[in-house]
There are 2 protein chains.
Amino acid sequence: MATEYSEHIESKDKQPRTARGLKTKRKLLDAAALEFGEKGFHEASITGITQRAGTALGSFYTYFDSKDELFSALVRDMSSRVKSHAASAMTEWQDALEREKLALEAFMTFAREHKEIYRIIDEAEFVDPDSYRSHYEETAKRIHERLEEGSAAGDFRGGLEEAHAWAIMGMNVFLGLRYGIWSEEKSAVQIAEIASDILARGIATDKD
Amino acid sequence: MATEYSEHIESKDKQPRTARGLKTKRKLLDAAALEFGEKGFHEASITGITQRAGTALGSFYTYFDSKDELFSALVRDMSSRVKSHAASAMTEWQDALEREKLALEAFMTFAREHKEIYRIIDEAEFVDPDSYRSHYEETAKRIHERLEEGSAAGDFRGGLEEAHAWAIMGMNVFLGLRYGIWSEEKSAVQIAEIASDILARGIATDKD
């Protein structure tokens, strides 16, 4: 969680100075995720968020200037939580393929537990386009770095480009939508294995 | 284009009876794509659309009851145009892999020429969730059918599931966003080759 808070320091929203303040801000972000996830940005209200959080209206304005600012903070927060959730799942892996599988499995699990994430990130395209773009650019950058590490380790082919990272991110996002949010007819492990198999050998017949 | 119009007959919006009526309705849909693409659903207006189309306000109400109804018709229209654009590009192909490459290349080209498509389909998640879902479910279904044909022809492995289709659709959607909408630093052919190479052999090193 340390990385999350250090990211908040750099962001525009106001950083709590005490443990209690951190806790209040966390409550507001969690309440905002539910409020925005359920009602969407336009219907969501600051009082709806403080009521869900069980905090006074004044607490809101201690940390955020507006609904827009809270929304942007929430998108950054979700983006960094997805990142740290995936990172914590990738502590033990045998090779780079296994690591990608663990990353997708962690993302699927996170999405199932935080079903509002798609609606919030997707609505950022309209409410806060810069955060939307940053979320995907940074995610693709991390995947690309892992691909290059995998190539260096001899697990992946050489010459894997940014476009390969975008292809993998797209796979993961759509599998998460279909099998994490819309239905859970398959387990996160099953879906991660299908994606991993595509990365391992493609879908063509072996022609040798 | 025949398939497009036959789809419209089944839809809720009113179907023109004359060639001139078809042309007017087409003008309204094209104008709506620009208006919604530029301003988003909430800021877009019916008068803005009829002005762009160069039609009288009355013509609008001949074919659509409301801005919502036009938006839904537009999502279905874009979905069916993507479908027919891809279908027309896939008339000549050597094997199933080549066919997927042509489908992505056609999608990238279409997205570059109709940059508003992402914003409109993505906004449907909020404005018209059923159309949003149908668009992706139908696209995945078509890809899955092609995968099964490819397996039957011996080009693809057996056992390719719906999840494989969702993985491929996700790759295509994100590659289209990054290299079709956000920048055109690589050609549609280059991107389609990268994706095709992933489907052909994955990204792992050959371990034999």
# chains A, B, ... in the order shown; residues from 1 in each chain; ligands from 1

call {"tool": "residues_around", "arguments": {"residues": "range 89-102 of chain A", "least_positions_apart": "5", "cutoff": "12 Å", "atoms": "only C-alpha atoms", "output": "PyMOL selection string"}}
result
(chain A and resi 82-84+107-110+142-157+165+168-169+171-172+188-201) or (chain B and resi 202-205)

call {"tool": "closest_residue", "arguments": {"among": "A:Tyr61, A:Ile120, A:Ala53, A:Phe174", "to": "Gly37 in chain A", "atoms": "only C-alpha atoms"}}
result
A:Ile120

call {"tool": "select_by_dssp", "arguments": {"residues": "chain B", "states": "alpha helix (DSSP H)", "output": "PyMOL selection string"}}
result
chain B and resi 2-10+19-43+46-53+57-63+67-89+96-113+116-127+129-152+162-176+188-201

call {"tool": "atom_distance", "arguments": {"atom1": "CA of Ile49 in chain B", "atom2": "CA of Lys25 in chain B"}}
result
11.6 Å

call {"tool": "closest_residue", "arguments": {"among": "A:Ser187, A:Thr18, A:Thr55, A:Ser45", "to": "chain B", "atoms": "only C-alpha atoms"}}
result
A:Ser187

call {"tool": "atom_distance", "arguments": {"atom1": "CA of Asp68 in chain A", "atom2": "CA of Ala111 in chain A"}}
result
23.3 Å

call {"tool": "residues_around", "arguments": {"residues": "Gly21 in chain B", "least_positions_apart": "3", "cutoff": "12 Å", "atoms": "only C-alpha atoms", "output": "PyMOL selection string"}}
result
chain B and resi 14-18+24-28+55+59-60+62-63

call {"tool": "residues_around", "arguments": {"residues": "Ser131 in chain B", "least_positions_apart": "5", "cutoff": "8 Å", "atoms": "only C-alpha atoms", "output": "list in words"}}
result
Ser72, Val75, Arg76, Ala124 and Glu125 of chain B

call {"tool": "write_last_selection", "arguments": {"atoms": "all heavy atoms", "output": "mmCIF file, in the first residue's frame"}}
result
data_model
loop_
_atom_site.group_PDB
_atom_site.id
_atom_site.type_symbol
_atom_site.label_atom_id
_atom_site.label_comp_id
_atom_site.auth_asym_id
_atom_site.auth_seq_id
_atom_site.Cartn_x
_atom_site.Cartn_y
_atom_site.Cartn_z
ATOM 1 N N SER B 72 -29.233 4.945 -30.192
ATOM 2 C CA SER B 72 -29.283 3.477 -30.274
ATOM 3 C C SER B 72 -29.187 3.005 -31.719
ATOM 4 O O SER B 72 -28.478 2.039 -32.021
ATOM 5 C CB SER B 72 -30.582 2.953 -29.660
ATOM 6 O OG SER B 72 -30.653 3.320 -28.310
ATOM 7 N N VAL B 75 -25.562 3.290 -32.840
ATOM 8 C CA VAL B 75 -24.695 2.224 -32.332
ATOM 9 C C VAL B 75 -24.905 0.953 -33.165
ATOM 10 O O VAL B 75 -23.944 0.325 -33.606
ATOM 11 C CB VAL B 75 -24.941 1.948 -30.822
ATOM 12 C CG1 VAL B 75 -24.168 0.710 -30.355
ATOM 13 C CG2 VAL B 75 -24.552 3.169 -29.996
ATOM 14 N N ARG B 76 -26.172 0.615 -33.438
ATOM 15 C CA ARG B 76 -26.439 -0.561 -34.272
ATOM 16 C C ARG B 76 -25.876 -0.369 -35.683
ATOM 17 O O ARG B 76 -25.320 -1.290 -36.274
ATOM 18 C CB ARG B 76 -27.952 -0.824 -34.376
ATOM 19 C CG ARG B 76 -28.582 -1.388 -33.114
ATOM 20 C CD ARG B 76 -29.981 -1.939 -33.396
ATOM 21 N NE ARG B 76 -30.896 -0.946 -33.933
ATOM 22 C CZ ARG B 76 -31.590 -0.080 -33.203
ATOM 23 N NH1 ARG B 76 -31.478 -0.069 -31.879
ATOM 24 N NH2 ARG B 76 -32.407 0.784 -33.774
ATOM 25 N N ALA B 124 -21.980 4.256 -25.313
ATOM 26 C CA ALA B 124 -23.167 3.395 -25.229
ATOM 27 C C ALA B 124 -23.191 2.593 -23.921
ATOM 28 O O ALA B 124 -24.262 2.250 -23.425
ATOM 29 C CB ALA B 124 -23.220 2.441 -26.430
ATOM 30 N N GLU B 125 -22.019 2.326 -23.345
ATOM 31 C CA GLU B 125 -21.993 1.631 -22.047
ATOM 32 C C GLU B 125 -22.857 2.365 -21.017
ATOM 33 O O GLU B 125 -23.460 1.736 -20.154
ATOM 34 C CB GLU B 125 -20.545 1.513 -21.540
ATOM 35 C CG GLU B 125 -20.449 0.794 -20.201
ATOM 36 C CD GLU B 125 -19.015 0.620 -19.700
ATOM 37 O OE1 GLU B 125 -18.062 0.975 -20.420
ATOM 38 O OE2 GLU B 125 -18.858 0.133 -18.566
#

call {"tool": "residues_around", "arguments": {"residues": "Glu116 in chain B", "least_positions_apart": "2", "cutoff": "7 Å", "atoms": "only C-alpha atoms", "output": "ChimeraX atom specification"}}
result
/B:33-34,37,114,118-120

call {"tool": "write_last_selection", "arguments": {"atoms": "N, CA, C and O atoms", "output": "PDB file, in the first residue's frame"}}
result
ATOM      1  N   ALA B  33     -23.288  10.727 -36.083  1.00  0.00           N
ATOM      2  CA  ALA B  33     -21.964  10.181 -35.735  1.00  0.00           C
ATOM      3  C   ALA B  33     -21.003  11.330 -35.439  1.00  0.00           C
ATOM      4  O   ALA B  33     -20.250  11.286 -34.452  1.00  0.00           O
ATOM      5  N   LEU B  34     -21.045  12.373 -36.257  1.00  0.00           N
ATOM      6  CA  LEU B  34     -20.154  13.521 -36.044  1.00  0.00           C
ATOM      7  C   LEU B  34     -20.544  14.292 -34.788  1.00  0.00           C
ATOM      8  O   LEU B  34     -19.696  14.648 -33.972  1.00  0.00           O
ATOM      9  N   GLY B  37     -19.958  12.128 -31.713  1.00  0.00           N
ATOM     10  CA  GLY B  37     -18.512  11.900 -31.605  1.00  0.00           C
ATOM     11  C   GLY B  37     -17.786  13.123 -31.086  1.00  0.00           C
ATOM     12  O   GLY B  37     -16.836  13.030 -30.315  1.00  0.00           O
ATOM     13  N   HIS B 114     -13.209   6.643 -39.313  1.00  0.00           N
ATOM     14  CA  HIS B 114     -14.385   6.997 -38.509  1.00  0.00           C
ATOM     15  C   HIS B 114     -13.945   7.061 -37.052  1.00  0.00           C
ATOM     16  O   HIS B 114     -14.342   6.240 -36.228  1.00  0.00           O
ATOM     17  N   TYR B 118     -15.059   4.934 -31.543  1.00  0.00           N
ATOM     18  CA  TYR B 118     -14.749   4.517 -30.164  1.00  0.00           C
ATOM     19  C   TYR B 118     -15.577   5.299 -29.167  1.00  0.00           C
ATOM     20  O   TYR B 118     -16.165   4.747 -28.250  1.00  0.00           O
ATOM     21  N   ARG B 119     -15.609   6.622 -29.337  1.00  0.00           N
ATOM     22  CA  ARG B 119     -16.345   7.435 -28.382  1.00  0.00           C
ATOM     23  C   ARG B 119     -17.823   7.041 -28.341  1.00  0.00           C
ATOM     24  O   ARG B 119     -18.430   7.006 -27.270  1.00  0.00           O
ATOM     25  N   ILE B 120     -18.388   6.754 -29.508  1.00  0.00           N
ATOM     26  CA  ILE B 120     -19.821   6.425 -29.563  1.00  0.00           C
ATOM     27  C   ILE B 120     -20.099   5.047 -28.944  1.00  0.00           C
ATOM     28  O   ILE B 120     -20.966   4.913 -28.089  1.00  0.00           O
TER      29      ILE B 120
END

call {"tool": "atom_distance", "arguments": {"atom1": "CA of Ala106 in chain A", "atom2": "CA of Leu74 in chain A"}}
result
19.9 Å
